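To be precise, the following lines are work_34.cif, and they hold mmCIF, C-alpha atoms.
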data_start
loop_
_atom_site.label_atom_id
_atom_site.label_comp_id
_atom_site.auth_asym_id
_atom_site.auth_seq_id
_atom_site.Cartn_x
_atom_site.Cartn_y
_atom_site.Cartn_z
CA MET A 18 31.96 -26.99 -6.85
CA PRO A 19 29.80 -28.75 -9.48
CA ALA A 20 29.87 -32.52 -9.79
CA THR A 21 31.60 -34.21 -12.71
CA GLU A 22 29.63 -36.33 -15.17
CA ALA A 23 31.37 -39.43 -13.83
CA PHE A 24 30.28 -38.55 -10.30
CA LEU A 25 26.69 -38.16 -11.45
CA ARG A 26 26.95 -41.58 -13.11
CA LEU A 27 28.13 -42.94 -9.75
CA VAL A 28 25.12 -41.37 -8.02
CA ASP A 29 22.70 -42.77 -10.58
CA CYS A 30 24.19 -46.25 -10.25
CA TYR A 31 24.08 -46.06 -6.44
CA ALA A 32 20.47 -44.83 -6.37
CA ARG A 33 19.40 -48.05 -8.08
CA LYS A 34 21.16 -50.30 -5.57
CA GLU A 35 18.82 -52.10 -3.16
CA ALA A 36 21.42 -53.87 -1.00
CA TYR A 37 21.89 -50.97 1.42
CA SER A 38 19.46 -48.84 3.38
CA ALA A 39 18.65 -45.22 2.58
CA ALA A 40 20.59 -44.05 5.63
CA LEU A 41 23.72 -46.00 4.69
CA LYS A 42 23.57 -44.78 1.10
CA ALA A 43 23.14 -41.17 2.18
CA ALA A 44 26.00 -41.41 4.69
CA SER A 45 28.43 -43.08 2.30
CA LEU A 46 27.60 -40.76 -0.62
CA ALA A 47 28.20 -37.78 1.67
CA GLN A 48 31.64 -39.27 2.36
CA TRP A 49 32.31 -39.57 -1.38
CA ILE A 50 31.22 -35.96 -1.98
CA LEU A 51 33.74 -34.80 0.61
CA GLU A 52 36.57 -37.20 -0.26
CA SER A 53 36.41 -36.68 -4.04
CA GLY A 54 35.27 -33.06 -4.28
CA ARG A 55 32.20 -34.33 -6.17
CA GLY A 56 34.40 -36.34 -8.50
CA THR A 57 37.00 -33.62 -9.22
CA SER A 58 39.93 -35.09 -7.25
CA ALA A 59 42.82 -36.77 -9.08
CA LEU A 60 41.95 -40.10 -7.43
CA ALA A 61 38.40 -39.86 -8.68
CA ARG A 62 39.26 -38.70 -12.21
CA GLN A 63 42.16 -41.11 -12.79
CA HIS A 64 41.18 -44.14 -10.71
CA HIS A 65 37.42 -44.01 -10.07
CA ASN A 66 38.32 -43.85 -6.35
CA TYR A 67 35.73 -41.56 -4.78
CA GLY A 68 36.38 -42.56 -1.17
CA GLY A 69 40.09 -41.90 -0.75
CA LEU A 70 40.58 -45.64 -0.22
CA LYS A 71 44.16 -46.79 0.33
CA TYR A 72 45.00 -50.22 -1.02
CA ARG A 73 44.91 -53.17 1.38
CA GLU A 74 45.49 -56.85 0.61
CA ARG A 75 41.81 -57.52 1.36
CA MET A 76 40.96 -55.43 -1.72
CA ALA A 77 42.53 -57.95 -4.12
CA GLY A 78 39.96 -58.85 -6.76
CA PHE A 79 38.08 -55.60 -6.16
CA ALA A 80 40.79 -53.04 -6.95
CA SER A 81 44.38 -52.76 -8.17
CA ASN A 82 47.20 -51.05 -6.31
CA VAL A 83 48.44 -47.73 -7.76
CA PRO A 84 50.90 -45.17 -6.31
CA HIS A 85 49.36 -41.80 -5.51
CA GLU A 86 50.70 -38.67 -3.86
CA ALA A 87 48.15 -37.36 -1.35
CA HIS A 88 48.38 -34.71 1.38
CA ASP A 89 50.02 -37.25 3.72
CA GLY A 90 52.60 -38.45 1.17
CA LEU A 91 53.07 -41.16 -1.44
CA ALA A 92 51.14 -44.39 -0.80
CA GLY A 93 49.34 -47.21 -2.54
CA TYR A 94 45.71 -46.41 -3.36
CA CYS A 95 42.85 -48.37 -4.92
CA HIS A 96 42.22 -48.15 -8.65
CA PHE A 97 38.73 -49.18 -9.81
CA ASP A 98 37.74 -49.81 -13.40
CA ASN A 99 34.43 -47.95 -13.18
CA GLU A 100 31.79 -46.53 -10.85
CA GLU A 101 30.05 -49.89 -10.39
CA GLN A 102 33.32 -51.48 -9.25
CA PHE A 103 33.97 -48.60 -6.87
CA ILE A 104 30.63 -49.17 -5.10
CA LYS A 105 31.42 -52.87 -4.69
CA GLY A 106 34.94 -52.01 -3.59
CA TYR A 107 33.87 -49.43 -1.04
CA TRP A 108 31.61 -51.93 0.73
CA GLN A 109 34.30 -54.61 0.53
CA PHE A 110 36.63 -52.10 2.20
CA ILE A 111 34.10 -51.53 5.00
CA GLU A 112 32.87 -55.13 5.43
CA SER A 113 36.36 -56.68 5.48
CA GLY A 114 38.06 -53.96 7.49
CA PRO A 115 38.24 -52.88 11.14
CA TYR A 116 34.72 -51.44 11.02
CA GLY A 117 32.81 -54.33 12.63
CA GLY A 118 29.43 -53.26 13.94
CA TRP A 119 28.73 -50.84 11.07
CA GLU A 120 25.63 -52.89 10.24
CA PHE A 121 24.00 -51.74 13.47
CA PHE A 122 23.72 -48.25 11.98
CA ALA A 123 21.58 -49.31 9.01
CA ASP A 124 19.01 -46.65 9.94
CA ASP A 125 21.39 -44.17 11.55
CA ALA A 126 23.39 -42.14 9.02
CA PRO A 127 25.25 -39.96 11.59
CA GLY A 128 25.94 -43.03 13.72
CA TYR A 129 27.46 -44.85 10.75
CA VAL A 130 29.84 -42.01 9.92
CA ARG A 131 30.91 -41.56 13.54
CA HIS A 132 31.43 -45.32 13.85
CA VAL A 133 33.71 -45.68 10.82
CA GLN A 134 35.64 -42.58 11.86
CA LYS A 135 36.10 -44.03 15.33
CA CYS A 136 37.36 -47.26 13.75
CA GLY A 137 40.03 -45.41 11.76
CA TYR A 138 38.52 -44.32 8.42
CA CYS A 139 39.82 -40.77 8.87
CA PRO A 140 41.94 -39.37 11.73
CA GLU A 141 40.70 -35.78 11.40
CA ALA A 142 38.66 -34.80 14.45
CA ASP A 143 36.01 -32.87 12.51
CA TYR A 144 35.60 -35.50 9.78
CA ALA A 145 32.19 -36.76 10.91
CA ALA A 146 30.83 -33.22 11.28
CA ARG A 147 31.98 -32.29 7.76
CA VAL A 148 30.39 -35.41 6.29
CA GLU A 149 27.13 -34.87 8.18
CA ALA A 150 26.91 -31.34 6.78
CA LEU A 151 26.67 -32.94 3.33
CA PHE A 152 23.75 -35.28 4.17
CA PRO A 153 21.09 -32.97 2.61
CA GLU A 154 23.04 -32.79 -0.65
CA ALA A 155 23.56 -36.56 -0.69
CA CYS A 156 19.85 -37.17 -0.09
CA HIS A 157 18.92 -34.74 -2.85
CA LEU A 158 21.22 -36.49 -5.33
CA LEU A 159 19.84 -39.91 -4.37
CA ARG A 160 16.25 -38.60 -4.48
CA LEU A 161 15.75 -39.39 -0.81
CA ASP A 162 13.75 -37.41 1.75
CA SER A 163 16.49 -36.03 4.02
CA GLU A 164 14.07 -35.36 6.88
CA THR A 165 12.92 -38.99 6.84
CA VAL A 166 16.49 -40.32 6.78
CA LEU A 167 17.56 -38.14 9.70
CA ASP A 168 14.33 -38.70 11.65
CA GLU A 169 14.99 -42.46 11.55
CA ALA A 170 18.34 -41.85 13.19
CA GLY A 171 16.82 -39.57 15.81
CA GLY A 172 14.18 -42.17 16.61
CA ARG A 173 16.65 -44.90 17.65
CA PRO A 174 16.40 -45.94 21.31
CA PRO A 175 19.04 -43.92 23.19
CA ARG A 176 19.88 -46.87 25.46
CA LEU A 177 21.46 -48.60 22.43
CA ALA A 178 24.09 -45.87 22.13
CA TYR A 179 27.75 -46.60 22.88
CA GLY A 180 28.48 -47.32 26.53
CA ASN A 181 24.79 -47.50 27.43
CA TRP A 182 22.60 -50.52 28.12
CA ALA A 183 19.90 -51.57 30.55
CA PRO A 184 19.87 -54.71 32.74
CA PRO A 185 17.30 -57.06 31.23
CA VAL A 186 14.20 -58.40 32.94
CA ILE A 187 14.43 -62.21 33.06
CA GLU A 188 11.14 -64.00 33.70
CA THR A 189 10.80 -67.47 35.21
CA VAL A 190 8.18 -69.78 33.68
CA PRO A 191 6.61 -71.82 36.50
CA GLY A 192 6.12 -75.55 36.06
CA ILE A 193 9.04 -76.07 33.65
CA ARG A 194 12.45 -77.37 34.77
CA HIS A 195 15.43 -78.21 32.62
CA LYS A 196 17.87 -81.02 33.30
CA VAL A 197 21.08 -79.80 34.93
CA GLN A 198 24.25 -81.76 34.20
CA GLY A 199 26.46 -80.09 36.80
CA LYS A 200 28.32 -76.91 37.68
CA ARG A 201 30.35 -75.08 35.07
CA PRO A 202 34.05 -75.77 35.72
CA ASN A 203 35.18 -72.14 35.32
CA GLY A 204 31.96 -70.20 35.76
CA LEU A 205 29.97 -68.79 32.84
CA GLU A 206 32.38 -68.18 29.96
CA GLY A 207 30.12 -67.24 27.06
CA LEU A 208 26.77 -67.61 25.27
CA ILE A 209 25.49 -69.50 22.22
CA VAL A 210 22.85 -67.77 20.08
CA HIS A 211 20.23 -70.15 18.66
CA PHE A 212 16.96 -69.74 16.85
CA ASP A 213 14.39 -72.30 17.91
CA ALA A 214 13.14 -73.05 14.34
CA PHE A 215 9.67 -73.10 15.86
CA ARG A 216 6.28 -71.57 15.11
CA ILE A 217 5.68 -67.94 15.98
CA ARG A 218 2.00 -67.64 15.10
CA GLN A 219 -1.38 -68.74 16.29
CA ALA A 220 -3.22 -71.49 14.41
CA GLY A 221 -4.37 -70.78 10.86
CA ASN A 222 -1.33 -68.64 10.06
CA GLY A 223 -2.84 -66.03 12.36
CA PRO A 224 -1.26 -63.24 14.43
CA GLU A 225 2.03 -63.79 16.20
CA ASN A 226 1.86 -65.51 19.58
CA ALA A 227 5.58 -65.38 20.27
CA ASP A 228 5.52 -65.33 24.09
CA GLN A 229 3.52 -68.54 24.21
CA ARG A 230 5.73 -70.10 21.52
CA SER A 231 8.86 -69.27 23.52
CA LYS A 232 7.37 -70.91 26.60
CA GLN A 233 6.58 -73.97 24.49
CA THR A 234 10.23 -74.02 23.41
CA LEU A 235 11.18 -74.23 27.08
CA LEU A 236 8.71 -77.07 27.52
CA PHE A 237 10.29 -78.84 24.55
CA GLY A 238 13.66 -78.54 26.29
CA GLN A 239 12.25 -80.13 29.42
CA GLU A 240 10.79 -83.04 27.43
CA ASN A 241 14.13 -83.72 25.72
CA GLY A 242 16.51 -83.31 28.65
CA TRP A 243 18.01 -80.05 27.42
CA GLY A 244 18.45 -76.68 29.11
CA TYR A 245 18.47 -73.08 27.91
CA GLY A 246 16.69 -69.72 28.06
CA ALA A 247 14.34 -68.28 25.42
CA ILE A 248 13.86 -64.83 23.90
CA SER A 249 10.46 -64.01 22.42
CA ARG A 250 9.89 -61.81 19.40
CA THR A 251 8.30 -59.35 21.84
CA GLY A 252 11.68 -58.98 23.57
CA ARG A 253 10.66 -60.87 26.72
CA ILE A 254 13.31 -63.20 28.15
CA PHE A 255 12.14 -66.48 29.72
CA VAL A 256 13.97 -69.13 31.76
CA PRO A 257 12.72 -72.35 33.42
CA GLU A 258 12.30 -72.78 37.16
CA GLY A 259 15.54 -73.16 39.10
CA PHE A 260 17.61 -71.74 36.25
CA SER A 261 21.16 -70.72 37.14
CA PHE A 262 23.89 -69.41 34.85
CA ASP A 263 26.39 -71.40 36.94
CA ASP A 264 24.74 -74.71 35.99
CA TRP A 265 25.31 -76.33 32.64
CA CYS A 266 22.76 -78.17 30.52
CA HIS A 267 22.86 -79.71 27.05
CA HIS A 268 21.81 -77.27 24.32
CA ALA A 269 24.44 -77.18 21.55
CA GLY A 270 24.99 -80.90 20.90
CA GLU A 271 28.20 -81.99 19.19
CA SER A 272 30.19 -78.77 18.97
CA LEU A 273 33.63 -77.21 18.96
CA CYS A 274 34.55 -73.70 20.10
CA PRO A 275 36.55 -71.89 17.36
CA VAL A 276 38.12 -69.63 20.01
CA THR A 277 39.36 -72.18 22.57
CA GLY A 278 39.35 -75.39 20.55
CA ARG A 279 37.32 -77.16 23.26
CA ALA A 280 34.55 -79.59 22.37
CA GLY A 281 31.15 -79.69 24.06
CA VAL A 282 30.47 -75.96 24.40
CA SER A 283 27.30 -76.48 26.46
CA ARG A 284 29.54 -77.15 29.44
CA TYR A 285 31.01 -73.64 29.26
CA TYR A 286 28.45 -71.43 27.53
CA VAL A 287 24.76 -70.82 28.21
CA GLY A 288 22.31 -71.16 25.32
CA PHE A 289 19.42 -68.87 24.41
CA GLU A 290 16.78 -69.87 21.86
CA CYS A 291 15.37 -66.88 19.97
CA ASN A 292 11.87 -67.53 18.63
CA ASN A 293 12.17 -67.71 14.84
CA PRO A 294 11.00 -70.22 12.20
CA GLY A 295 14.53 -70.76 10.92
CA LEU A 296 15.76 -71.08 7.36
CA LEU A 297 12.88 -70.60 4.92
CA TYR A 298 12.23 -72.18 1.53
CA GLU A 299 10.60 -70.71 -1.56
CA CYS A 300 7.36 -72.51 -2.41
CA GLU A 301 5.94 -73.54 -5.77
CA GLU A 302 3.72 -70.46 -5.55
CA ASP A 303 5.71 -67.33 -6.40
CA GLY A 304 6.40 -65.03 -3.46
CA ILE A 305 5.50 -67.58 -0.75
CA PHE A 306 8.07 -68.94 1.72
CA CYS A 307 7.70 -71.85 4.14
CA PRO A 308 9.59 -73.08 7.20
CA TRP A 309 10.63 -76.72 7.43
CA TYR A 310 7.55 -77.70 9.43
CA ASN A 311 5.14 -76.63 6.68
CA SER A 312 7.16 -78.18 3.84
CA LYS A 313 6.41 -81.65 2.51
CA HIS A 314 8.93 -84.35 3.49
CA ASP A 315 9.83 -87.71 1.99
CA PRO A 316 8.18 -90.31 4.30
CA LYS A 317 11.22 -92.58 4.10
CA THR A 318 14.16 -90.20 4.37
CA LYS A 319 12.30 -87.47 6.32
CA LYS A 320 14.05 -84.91 4.12
CA ILE A 321 12.29 -81.93 2.56
CA ILE A 322 11.12 -82.57 -1.00
CA PHE A 323 12.37 -80.04 -3.53
CA LYS A 324 11.09 -79.53 -7.07
CA ASP A 325 13.16 -77.13 -9.15
CA HIS A 326 14.65 -75.81 -5.89
CA ARG A 327 11.19 -75.08 -4.47
CA VAL A 328 9.07 -76.81 -1.82
CA ILE A 329 5.44 -77.80 -1.57
CA ARG A 330 3.37 -76.42 1.28
CA GLN A 331 1.77 -79.02 3.47
CA SER A 332 -1.04 -76.68 4.47
CA VAL A 333 -2.31 -73.20 3.68
CA ASP A 334 -3.43 -73.07 7.32
CA ASP A 335 0.09 -73.52 8.73
CA GLU A 336 2.78 -70.86 8.76
CA TRP A 337 4.06 -69.26 5.58
CA TYR A 338 5.43 -65.85 4.71
CA THR A 339 5.30 -63.40 1.84
CA LYS A 340 8.36 -61.92 0.15
CA ASP A 341 7.95 -58.55 1.84
CA GLN A 342 8.22 -60.24 5.26
CA VAL A 343 11.45 -62.11 4.62
CA ARG A 344 14.90 -61.37 3.25
CA HIS A 345 17.50 -63.21 1.22
CA VAL A 346 20.97 -63.08 2.74
CA GLU A 347 24.14 -64.03 0.90
CA LYS A 348 27.02 -65.99 2.42
CA ARG A 349 28.82 -63.73 4.86
CA GLY A 350 30.84 -64.83 7.88
CA ASN A 351 28.81 -67.41 9.76
CA ILE A 352 25.69 -66.91 7.64
CA GLN A 353 24.44 -69.75 5.47
CA PRO A 354 22.90 -68.10 2.38
CA GLY A 355 19.15 -68.30 2.04
CA TRP A 356 15.79 -66.82 3.03
CA TYR A 357 15.17 -65.74 6.62
CA LEU A 358 12.54 -64.03 8.72
CA PRO A 359 14.52 -61.36 10.61
CA PHE A 360 14.50 -61.02 14.37
CA THR A 361 12.33 -58.17 15.63
CA ALA A 362 13.99 -55.02 16.96
CA PRO A 363 12.86 -55.77 20.57
CA GLN A 364 14.23 -59.32 20.26
CA LEU A 365 17.62 -58.08 19.07
CA GLU A 366 17.68 -55.42 21.77
CA ALA A 367 16.89 -58.00 24.47
CA LEU A 368 19.71 -60.25 23.26
CA LEU A 369 22.23 -57.40 23.16
CA HIS A 370 21.33 -56.23 26.65
CA LEU A 371 21.41 -59.79 28.01
CA VAL A 372 24.95 -60.30 26.72
CA CYS A 373 26.05 -56.93 28.15
CA HIS A 374 24.54 -57.92 31.48
CA LEU A 375 26.28 -61.32 31.55
CA ALA A 376 29.63 -59.81 30.59
CA THR A 377 29.32 -57.25 33.38
CA ALA A 378 28.05 -59.73 35.98
CA ASN A 379 30.83 -62.26 35.25
CA PRO A 380 33.92 -60.12 34.57
CA SER A 381 36.45 -62.78 35.54
CA SER A 382 35.04 -65.56 33.34
CA PHE A 383 32.77 -64.24 30.58
CA SER A 384 34.25 -63.15 27.24
CA VAL A 385 32.32 -61.41 24.46
CA ASP A 386 34.63 -63.20 22.00
CA ARG A 387 32.97 -66.42 23.19
CA VAL A 388 29.48 -65.22 22.28
CA LEU A 389 28.98 -67.45 19.27
CA GLY A 390 26.30 -68.59 16.87
CA HIS A 391 25.23 -72.23 16.88
CA ASP A 392 26.43 -72.25 13.27
CA GLU A 393 29.91 -71.19 14.43
CA VAL A 394 30.31 -74.06 16.91
CA ALA A 395 28.56 -76.68 14.73
CA PRO A 396 29.21 -75.50 11.14
CA GLY A 397 27.55 -77.58 8.46
CA ARG A 398 25.27 -79.21 11.01
CA LYS A 399 23.51 -76.05 12.18
CA ASN A 400 22.51 -72.80 10.45
CA ASP A 401 21.27 -70.68 13.37
CA PRO A 402 21.09 -67.78 13.83
CA GLY A 403 22.37 -67.17 10.30
CA GLY A 404 20.71 -64.36 8.39
CA ALA A 405 17.88 -64.04 10.91
CA LEU A 406 20.06 -62.22 13.45
CA GLY A 407 19.57 -58.48 13.36
CA SER A 408 16.28 -56.69 12.94
CA PRO A 409 14.02 -55.99 9.94
CA GLY A 410 16.41 -53.38 8.52
CA LEU A 411 19.67 -54.92 9.72
CA VAL A 412 21.65 -58.11 9.07
CA LEU A 413 24.22 -58.92 11.77
CA PRO A 414 26.81 -61.63 11.22
CA MET A 415 28.00 -62.88 14.60
CA GLU A 416 31.32 -61.03 14.33
CA ALA A 417 29.43 -57.75 13.88
CA PHE A 418 27.15 -58.68 16.79
CA ARG A 419 30.19 -59.17 19.04
CA GLN A 420 31.61 -55.83 17.95
CA GLN A 421 28.33 -54.14 18.76
CA VAL A 422 28.30 -55.63 22.26
CA LYS A 423 31.86 -54.42 22.84
CA ALA A 424 30.86 -50.93 21.67
CA MET A 425 27.94 -50.88 24.12
CA LEU A 426 29.96 -51.94 27.15
#
Here is a file; write its structure as structure tokens.
Amino acid sequence: MPATEAFLRLVDCYARKEAYSAALKAASLAQWILESGRGTSALARQHHNYGGLKYRERMAGFASNVPHEAHDGLAGYCHFDNEEQFIKGYWQFIESGPYGGWEFFADDAPGYVRHVQKCGYCPEADYAARVEALFPEACHLLRLDSETVLDEAGGRPPRLAYGNWAPPVIETVPGIRHKVQGKRPNGLEGLIVHFDAFRIRQAGNGPENADQRSKQTLLFGQENGWGYGAISRTGRIFVPEGFSFDDWCHHAGESLCPVTGRAGVSRYYVGFECNNPGLLYECEEDGIFCPWYNSKHDPKTKKIIFKDHRVIRQSVDDEWYTKDQVRHVEKRGNIQPGWYLPFTAPQLEALLHLVCHLATANPSSFSVDRVLGHDEVAPGRKNDPGGALGSPGLVLPMEAFRQQVKAML
């Protein structure tokens, strides 16, 4: 069945979008080919609805509610004004719906389709297989190399599949001890994800030296009376001497758990500092981004100096990043909008496996729903992990991270 002109306009508009990966675009377009019959369905022709999307209250502002008789009876469906609005509406439907964890499949087109089907997108048992059969056509329409898109999916580490994880290796750093405040009253109940907002490179903006930087973060904790573990960008997990998950140490400061309503989350949840420079700032020079420690500060207020929303580098020999190394992330869930250096894939994998391990080792006390970002327990005061959490091709708000952990257990 040939595609309609409107459907080809949809494809052309989608091909120019940069917000989503090639795999996600190929997977979703394959869905739209199937759902709309390449734009020939009544929903597509009359309402620019290429995804068979039923109306939900969360679609207000993105679509209007229209009655439509489908194979399963009369129901309210989404009406979109044009193809551009449909694309925005489709991703609103996914991002605001019961599909948490979809972001983890940014480079896995089959995984994405199977995930949204599992979460309720379509009840038909063969839905994913029928969509996957249309991947080559979707790639051709989007001018993507289908072999590359599917090879990326095949190359994902199999231990990150559903129901599959590996116990992490946790290394003790000799000579560093953190101050213990006492025993946790109910055992380990959760985990707080931090980034350390610390250097990752050798002097002179040289190669990464993340393992050593993570150990220095532990040393910094010792010097300040705090206590936590650290995860390097290499994926290695470090803890100080004498570290026990049953002991509590200060790491989150003034905080409030949004799940339990209790203050002082350090008492209940362990903290892990992931090596990352933190929120980045665009410099006066185009395409250059600096962390806080290489940005000029006012000597009186100690605040970063901004000029036309940009900062001045203190040194060309300290850390800075180019635009191709960082990403801009909009406000979403816990994420404060701005520029971030993403976690590495091994770093994300280590964190996921650590949380799976702790949930399994502490079944009577630990809850994945109490795995929170520092920005969730201290909003406004803290911005970690923000848009850094994920990997180079993946942004994970904390809610999506929790869903991914649940899917792996």
List the spatial neighbours of A:Ile217 as a compact mmCIF listing (two decimals) with C-alpha atoms, keeping the file's coordinate frame - criterion: any atom at most 6 Å away, only C-alpha atoms, same-chain residues fewer than 4 positions off excluded.
# COMPACT_ATOMS: atom_id res chain seq x y z
CA GLU A 225 2.03 -63.79 16.20
CA ASN A 226 1.86 -65.51 19.58
CA ALA A 227 5.58 -65.38 20.27
CA ARG A 230 5.73 -70.10 21.52
(message) Starting from the PyMOL selection byres ((chain A and resi 233-235) around 10), expand the selection into actual residues of this file and give them as a ChimeraX atom specification.
(response) /A:190,193-195,213-216,227-232,236-240,243-248,255-257,290-292
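Residue nearest A:Gly128 within the list A:Glu258, A:Glu188, A:Glu271, A:Glu149: A:Glu149 [criterion: smallest interatomic distance, all atoms listed in the file].
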(message) List as a list in words the protein and nucleic acid residues near A:Leu406, meaning an atom at most 8 Å away when only C-alpha atoms are counted, but skip any in the same chain fewer than 3 places from it.
(response)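 The neighbour list is Pro359, Phe360, Leu365, Pro402, Gly403, Val412, Leu413 and Pro414 of chain A.
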(message) Please list as a PyMOL selection string every residue within 7 Å of stretch 103-111 of chain A, counting only C-alpha atoms and excluding residues in the same chain fewer than 2 positions away.
(response) chain A and resi 65-66+76+79-80+97+99-101+113-114+116
(message) So that I can see what lies close to A:Cys136, please list as a PyMOL selection string the residues with an atom at most 12 Å from it, counting only C-alpha atoms and leaving out residues fewer than 6 positions away in the same chain.
(response) chain A and resi 111+114-119+129-130+420+424
(request) Name the residues that the PyMOL selection byres ((chain A and resi 144) around 12) pulls out of this structure, and write them as JSON, numbers by chain. (result) {"A": [47, 48, 51, 52, 127, 130, 131, 132, 133, 134, 135, 137, 138, 139, 140, 141, 142, 143, 145, 146, 147, 148, 149, 150, 151]}
Once you have the residues from the selection above, write them out as a PDB file, in the coordinates of the input, restricted to C-alpha atoms.
ATOM      1  CA  ALA A  47      28.200 -37.780   1.670  1.00  0.00           C
ATOM      2  CA  GLN A  48      31.640 -39.270   2.360  1.00  0.00           C
ATOM      3  CA  LEU A  51      33.740 -34.800   0.610  1.00  0.00           C
ATOM      4  CA  GLU A  52      36.570 -37.200  -0.260  1.00  0.00           C
ATOM      5  CA  PRO A 127      25.250 -39.960  11.590  1.00  0.00           C
ATOM      6  CA  VAL A 130      29.840 -42.010   9.920  1.00  0.00           C
ATOM      7  CA  ARG A 131      30.910 -41.560  13.540  1.00  0.00           C
ATOM      8  CA  HIS A 132      31.430 -45.320  13.850  1.00  0.00           C
ATOM      9  CA  VAL A 133      33.710 -45.680  10.820  1.00  0.00           C
ATOM     10  CA  GLN A 134      35.640 -42.580  11.860  1.00  0.00           C
ATOM     11  CA  LYS A 135      36.100 -44.030  15.330  1.00  0.00           C
ATOM     12  CA  GLY A 137      40.030 -45.410  11.760  1.00  0.00           C
ATOM     13  CA  TYR A 138      38.520 -44.320   8.420  1.00  0.00           C
ATOM     14  CA  CYS A 139      39.820 -40.770   8.870  1.00  0.00           C
ATOM     15  CA  PRO A 140      41.940 -39.370  11.730  1.00  0.00           C
ATOM     16  CA  GLU A 141      40.700 -35.780  11.400  1.00  0.00           C
ATOM     17  CA  ALA A 142      38.660 -34.800  14.450  1.00  0.00           C
ATOM     18  CA  ASP A 143      36.010 -32.870  12.510  1.00  0.00           C
ATOM     19  CA  ALA A 145      32.190 -36.760  10.910  1.00  0.00           C
ATOM     20  CA  ALA A 146      30.830 -33.220  11.280  1.00  0.00           C
ATOM     21  CA  ARG A 147      31.980 -32.290   7.760  1.00  0.00           C
ATOM     22  CA  VAL A 148      30.390 -35.410   6.290  1.00  0.00           C
ATOM     23  CA  GLU A 149      27.130 -34.870   8.180  1.00  0.00           C
ATOM     24  CA  ALA A 150      26.910 -31.340   6.780  1.00  0.00           C
ATOM     25  CA  LEU A 151      26.670 -32.940   3.330  1.00  0.00           C
TER      26      LEU A 151
END
Give me, as a Markdown table, the closest atom pair and its distance (Å, one decimal) for every residue of stretch 145-262 of chain A within a cut-off of 10 Å of stretch 32-46 of chain A, counting all atoms listed in the file, rows sorted by chain and rising number.
| residue | atom | partner | partner_atom | distance |
| --- | --- | --- | --- | --- |
| A:Ala145 | CA | A:Ala44 | CA | 9.9 |
| A:Val148 | CA | A:Ala44 | CA | 7.6 |
| A:Glu149 | CA | A:Ala44 | CA | 7.5 |
| A:Leu151 | CA | A:Ala44 | CA | 8.6 |
| A:Phe152 | CA | A:Ala43 | CA | 6.2 |
| A:Pro153 | CA | A:Ala43 | CA | 8.5 |
| A:Glu154 | CA | A:Ala43 | CA | 8.8 |
| A:Ala155 | CA | A:Ala43 | CA | 5.4 |
| A:Cys156 | CA | A:Ala43 | CA | 5.7 |
| A:His157 | CA | A:Ala43 | CA | 9.2 |
| A:Leu158 | CA | A:Ala32 | CA | 8.4 |
| A:Leu159 | CA | A:Ala32 | CA | 5.3 |
| A:Arg160 | CA | A:Ala32 | CA | 7.8 |
| A:Leu161 | CA | A:Ala39 | CA | 7.3 |
| A:Asp162 | CA | A:Ala39 | CA | 9.3 |
| A:Ser163 | CA | A:Ala43 | CA | 8.6 |
| A:Thr165 | CA | A:Ala40 | CA | 9.3 |
| A:Val166 | CA | A:Ala40 | CA | 5.7 |
| A:Leu167 | CA | A:Ala40 | CA | 7.8 |
| A:Glu169 | CA | A:Ala40 | CA | 8.3 |
| A:Ala170 | CA | A:Ala40 | CA | 8.2 |
(request) Quick one: pull the distance between atom CA of A:Pro363 and atom CA of A:Lys348, Å, one decimal. (result)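 Pair atom CA of A:Pro363 / atom CA of A:Lys348 returns 25.2 Å.
Taken over the whole file, the PyMOL selection byres ((chain A and resi 334) around 9) covers exactly Ala220, Gly221, Asn222, Gly223, Gln331, Ser332, Val333, Asp335, Glu336 and Trp337 of chain A.
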(message) Just checking: using all atoms listed in the file, which residue out of A:Lys340, A:Arg284, A:His96, A:Lys313 ends up closest to A:Val328?
(response) A:Lys313
(request) Kindly give the distance, in Å, that separates atom CA of A:Val394 and atom CA of A:Gly207, rounded to a single decimal. (result)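 Atom-to-atom, atom CA of A:Val394 to atom CA of A:Gly207, that is 12.2 Å.
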Let me have the centre and edge lengths of the axis-aligned box enclosing all listed atoms of stretch 213-228 of chain A with 6 Å padding on every side, in Å to one decimal, as lines of an AutoDock Vina configuration file.
center_x = 5.0
center_y = -68.2
center_z = 17.1
size_x = 30.8
size_y = 21.9
size_z = 26.0
(message) To one decimal place in Å, what is the distance between atom CA of A:Pro354 and atom CA of A:Leu297?
(response)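 Interatomic distance, atom CA of A:Pro354 to atom CA of A:Leu297: 10.6 Å.
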(message) Please determine, counting only C-alpha atoms, which residue among A:Ala59, A:Tyr285, A:Trp356, A:Ala417 has the shortest atom-to-atom distance to A:Trp309.
(response)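 Among A:Ala59, A:Tyr285, A:Trp356, A:Ala417, it is A:Trp356 that comes nearest to A:Trp309.
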